[in-house]
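Comments concern the structure below.
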Amino acid sequence: MLDEIEVSDTGNSDTEVSKEKINLQFHWYLSIFFVIYYLSYVVSGIIFMSYVIYVFIPYVLLVDNLIVIFTNLYSLLAFIALPLVIILSYLSRLFIVGLITRVFWRFTEKRSPTKDGIIPRNIPSKTANYYHIRSFMIKYGKNAFMKGVFPWLSNWYFNFVGTGIIRRGSTLEESVVTDKHINVGKNCYVGVNSALSSHFVEGTFG
C-alpha cells in the first residue's frame, strides 16, 4: 500500500506544472517611463512658463490698476490667452508622449519585430522580453490619452505610435487591453471595460 502511495506521489511530481521565470527588466521599464514622463512635462512646462514669465506677469500681474487689464489691448490679450496657452501646453505634452513612445516602439521593433505564433515563456526569449517592454511603454500614453481631457485623441495616439490601426469614426472607451496590434474599422464602438486583443497570455508565473 505504501509503495502505491509513493509511486502515485512520484507521478504527481513529474506532472507538476513548472513555474515560468519571466525576465522583468525593471531598469528598462523605469528608464523608458521616466524619459516619456519627464520630457513630456519639460516641453509643456517650457511653453507654459515662458508665457507666464514673459507675457502674463508683466502685462497682467504687474499692472497697477485692475481696469487697465481690460482697457489695454496687450493686457487684455495676455489675460484672454491664458486658457488657450494651458490647452496648448496640455496638447504639446500629449504630442511629446506620443512622439517619444513612437521612437521607443520603432526601436524595439527593429531589435525584435513583432511576429505571429506562439512564444514559449518558460525559456529565455528575446521576442518575449521585447513584448513585455512594448506592453509596458504603451500603458502610460494609453492612460494619459484615454483618461485625459480629450479621450478621442487616443485613436491618433495608437495610429501614430504604430501599435494598431483605428480608422475614422471609431470610438474606444477606457478598456482593459485595446492597445496593441488591433485593427478597428470605420464607425466602430468599443465600450467601457472591453477587452479587445489580438493575442492571449497563458501560463503559470513564479
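Residues in the C-alpha cells are named by chain (A, B, ... in the order shown) and by number from 1 within that chain; ligands are numbered from 1 in the order shown.
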Could you name the residues that touch A:Gly45 at 12 Å or less, counting only C-alpha atoms, but leaving out those on the same chain fewer than 6 positions away, as a PyMOL selection string?
-> chain A and resi 38-39+51-53+85-86+88-93+96
With only C-alpha atoms as the counted atoms, please give the residues lying no more than 12 Å from A:Asn187, apart from itself and same-chain residues fewer than 3 positions off, as a short mmCIF file (atom, residue, chain, number, x, y, z; two decimals) with N, CA and C atoms, in the first residue's frame.
```cif
data_model
loop_
_atom_site.label_atom_id
_atom_site.label_comp_id
_atom_site.auth_asym_id
_atom_site.auth_seq_id
_atom_site.Cartn_x
_atom_site.Cartn_y
_atom_site.Cartn_z
N ILE A 166 -6.68 52.15 -36.23
CA ILE A 166 -8.03 52.55 -35.83
C ILE A 166 -8.51 53.56 -36.86
N ARG A 167 -9.53 53.20 -37.58
CA ARG A 167 -9.99 54.04 -38.67
C ARG A 167 -10.97 55.11 -38.20
N ARG A 168 -11.23 56.04 -39.10
CA ARG A 168 -12.01 57.23 -38.78
C ARG A 168 -13.42 56.89 -38.31
N GLY A 169 -13.88 57.64 -37.32
CA GLY A 169 -15.23 57.48 -36.82
C GLY A 169 -15.37 56.46 -35.71
N SER A 170 -14.30 55.75 -35.36
CA SER A 170 -14.37 54.73 -34.32
C SER A 170 -14.08 55.35 -32.95
N THR A 171 -14.72 54.79 -31.93
CA THR A 171 -14.57 55.29 -30.56
C THR A 171 -14.11 54.16 -29.67
N LEU A 172 -13.03 54.40 -28.93
CA LEU A 172 -12.51 53.42 -27.98
C LEU A 172 -12.65 53.98 -26.57
N VAL A 184 -9.20 48.16 -36.17
CA VAL A 184 -10.59 48.56 -35.98
C VAL A 184 -11.06 49.31 -37.22
N VAL A 190 -16.08 50.59 -29.20
CA VAL A 190 -15.58 49.63 -28.23
C VAL A 190 -15.92 50.18 -26.85
#
```
Exercise: A:Ala195 partners within 10 Å, only C-alpha atoms, chain neighbours under 3 positions left out, as a short mmCIF file (atom, residue, chain, number, x, y, z; two decimals) with C-alpha atoms, in the first residue's frame:
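To be explicit, this is the file written out as part09.cif:
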```cif
data_model
loop_
_atom_site.label_atom_id
_atom_site.label_comp_id
_atom_site.auth_asym_id
_atom_site.auth_seq_id
_atom_site.Cartn_x
_atom_site.Cartn_y
_atom_site.Cartn_z
CA GLU A 174 -11.44 53.05 -21.41
CA SER A 175 -10.78 49.33 -21.58
CA VAL A 176 -8.65 46.55 -20.16
CA VAL A 177 -6.49 45.83 -23.20
CA THR A 178 -7.21 47.53 -26.56
CA ASP A 179 -3.69 48.83 -27.10
CA VAL A 190 -15.58 49.63 -28.23
CA GLY A 191 -17.36 50.04 -24.90
CA VAL A 192 -16.07 50.59 -21.39
CA SER A 198 -5.05 40.30 -30.82
#
```
Please provide as a CSV table (one decimal) with N, CA and C atoms, in the first residue's frame all residues within 10 Å of A:Gly98, with the sequence filter that same-chain residues fewer than 2 positions apart are discarded (counting only C-alpha atoms).
```
chain,number,residue,atom,x,y,z
A,36,ILE,N,9.7,59.3,-21.0
A,36,ILE,CA,8.5,59.7,-21.5
A,36,ILE,C,7.8,60.7,-20.6
A,40,SER,N,7.9,64.9,-21.5
A,40,SER,CA,6.7,65.5,-21.9
A,40,SER,C,6.3,66.7,-21.0
A,92,SER,N,0.6,69.8,-26.2
A,92,SER,CA,2.0,69.6,-26.5
A,92,SER,C,2.6,68.4,-25.7
A,93,ARG,N,2.1,68.3,-24.5
A,93,ARG,CA,2.5,67.2,-23.6
A,93,ARG,C,2.1,65.9,-24.2
A,94,LEU,N,0.8,65.8,-24.7
A,94,LEU,CA,0.3,64.6,-25.3
A,94,LEU,C,1.1,64.2,-26.5
A,95,PHE,N,1.4,65.3,-27.3
A,95,PHE,CA,2.2,65.0,-28.5
A,95,PHE,C,3.6,64.4,-28.2
A,96,ILE,N,4.2,65.0,-27.2
A,96,ILE,CA,5.6,64.5,-26.8
A,96,ILE,C,5.5,63.1,-26.3
A,100,ILE,N,7.7,60.3,-28.3
A,100,ILE,CA,8.8,59.5,-27.6
A,100,ILE,C,8.4,58.0,-27.6
A,101,THR,N,7.1,57.7,-27.3
A,101,THR,CA,6.7,56.3,-27.4
A,101,THR,C,6.8,55.8,-28.8
A,102,ARG,N,6.6,56.5,-29.8
A,102,ARG,CA,6.8,56.1,-31.2
A,102,ARG,C,8.2,55.7,-31.4
A,103,VAL,N,9.2,56.6,-30.9
A,103,VAL,CA,10.6,56.3,-31.1
A,103,VAL,C,11.0,55.0,-30.4
A,138,ILE,N,3.6,51.3,-23.6
A,138,ILE,CA,2.3,51.8,-24.2
A,138,ILE,C,1.3,52.2,-23.1
A,140,TYR,N,1.4,54.0,-20.3
A,140,TYR,CA,1.3,55.4,-19.8
A,140,TYR,C,0.6,56.3,-20.8
A,141,GLY,N,1.0,56.2,-22.1
A,141,GLY,CA,0.4,57.0,-23.1
A,141,GLY,C,-1.1,56.7,-23.2
A,142,LYS,N,-1.4,55.4,-23.1
A,142,LYS,CA,-2.8,55.0,-23.2
A,142,LYS,C,-3.7,55.6,-22.1
A,144,ALA,N,-2.8,58.3,-20.4
A,144,ALA,CA,-2.8,59.8,-20.5
A,144,ALA,C,-3.8,60.3,-21.5
A,145,PHE,N,-4.0,59.5,-22.6
A,145,PHE,CA,-5.0,59.9,-23.6
A,145,PHE,C,-6.4,59.5,-23.2
A,154,SER,N,-7.0,59.4,-28.4
A,154,SER,CA,-6.4,58.1,-28.3
A,154,SER,C,-6.3,57.4,-29.6
A,156,TRP,N,-5.6,58.8,-32.5
A,156,TRP,CA,-4.4,59.3,-33.1
A,156,TRP,C,-3.2,58.7,-32.4
A,157,TYR,N,-3.2,58.6,-31.1
A,157,TYR,CA,-2.0,58.0,-30.4
A,157,TYR,C,-1.7,56.6,-30.9
A,158,PHE,N,-2.7,55.7,-30.9
A,158,PHE,CA,-2.4,54.4,-31.3
A,158,PHE,C,-1.9,54.3,-32.8
A,159,ASN,N,-2.5,55.1,-33.6
A,159,ASN,CA,-2.1,55.1,-35.0
A,159,ASN,C,-0.7,55.7,-35.2
A,160,PHE,N,-0.5,56.8,-34.5
A,160,PHE,CA,0.8,57.5,-34.6
A,160,PHE,C,2.0,56.6,-34.1
A,161,VAL,N,1.8,56.0,-33.0
A,161,VAL,CA,2.8,55.1,-32.4
A,161,VAL,C,3.0,53.9,-33.3
```
Determine which residues of stretch 84-125 of chain A receive a DSSP assignment of helix (DSSP H, G or I), computed from the backbone, and state them as a list in words.
-> Leu84, Val85, Ile86, Ile87, Leu88, Ser89, Tyr90, Leu91, Ser92, Arg93, Leu94, Phe95, Ile96, Val97, Gly98, Leu99, Ile100, Thr101, Arg102, Val103, Phe104, Trp105, Arg106, Phe107, Thr108, Glu109, Lys110 and Arg111 of chain A
Given the choices A:Asn183, A:Ser50, A:Asn143, A:Ser44, which gets closest to A:Gly164 if the distance is worked out from only C-alpha atoms?
->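 The closest residue to A:Gly164 is A:Asn183.
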Got a sec: who's within 8 Å of A:Ser112, counting only C-alpha atoms, leaving out chain neighbours fewer than 6 positions off, as a VMD selection string?
-> chain A and resid 126 to 127 130
How many Å separate atom CA of A:Ile182 from atom CA of A:Ile165?
-> 6.1 Å
Could you give me, as a PyMOL selection string, the residues within 12 Å of stretch 60-71 of chain A, counting only C-alpha atoms and dropping anything in the same chain fewer than 6 positions from it?
-> chain A and resi 51-54+77-82
Export of the given selection (C-alpha atoms) as a PDB file, in the first residue's frame:
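File selection.pdb, as written:
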```
ATOM      1  CA  TYR A  51       4.165  82.589 -21.444  1.00  0.00           C
ATOM      2  CA  VAL A  52       3.740  83.259 -17.718  1.00  0.00           C
ATOM      3  CA  ILE A  53       7.158  84.890 -17.259  1.00  0.00           C
ATOM      4  CA  TYR A  54       7.362  86.949 -20.448  1.00  0.00           C
ATOM      5  CA  LEU A  77      -4.902  89.693 -24.982  1.00  0.00           C
ATOM      6  CA  ALA A  78      -2.471  88.304 -22.399  1.00  0.00           C
ATOM      7  CA  PHE A  79      -5.352  87.695 -19.989  1.00  0.00           C
ATOM      8  CA  ILE A  80      -7.611  86.059 -22.587  1.00  0.00           C
ATOM      9  CA  ALA A  81      -4.787  83.899 -23.952  1.00  0.00           C
ATOM     10  CA  LEU A  82      -4.173  82.143 -20.622  1.00  0.00           C
TER      11      LEU A  82
END
```
Record the distance separating atom CA of A:Phe107 and atom CA of A:Trp152, expressed in Å with one decimal.
-> 26.5 Å
Between A:Leu76, A:Val55, A:Val43, A:Glu173, which is the closest to A:Met146 once you count only C-alpha atoms?
-> A:Glu173
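Among the candidates A:Tyr59, A:Phe150, A:Phe48, A:Tyr131, the residue lying nearest to A:His181 is A:Tyr131 (atoms considered: only C-alpha atoms).
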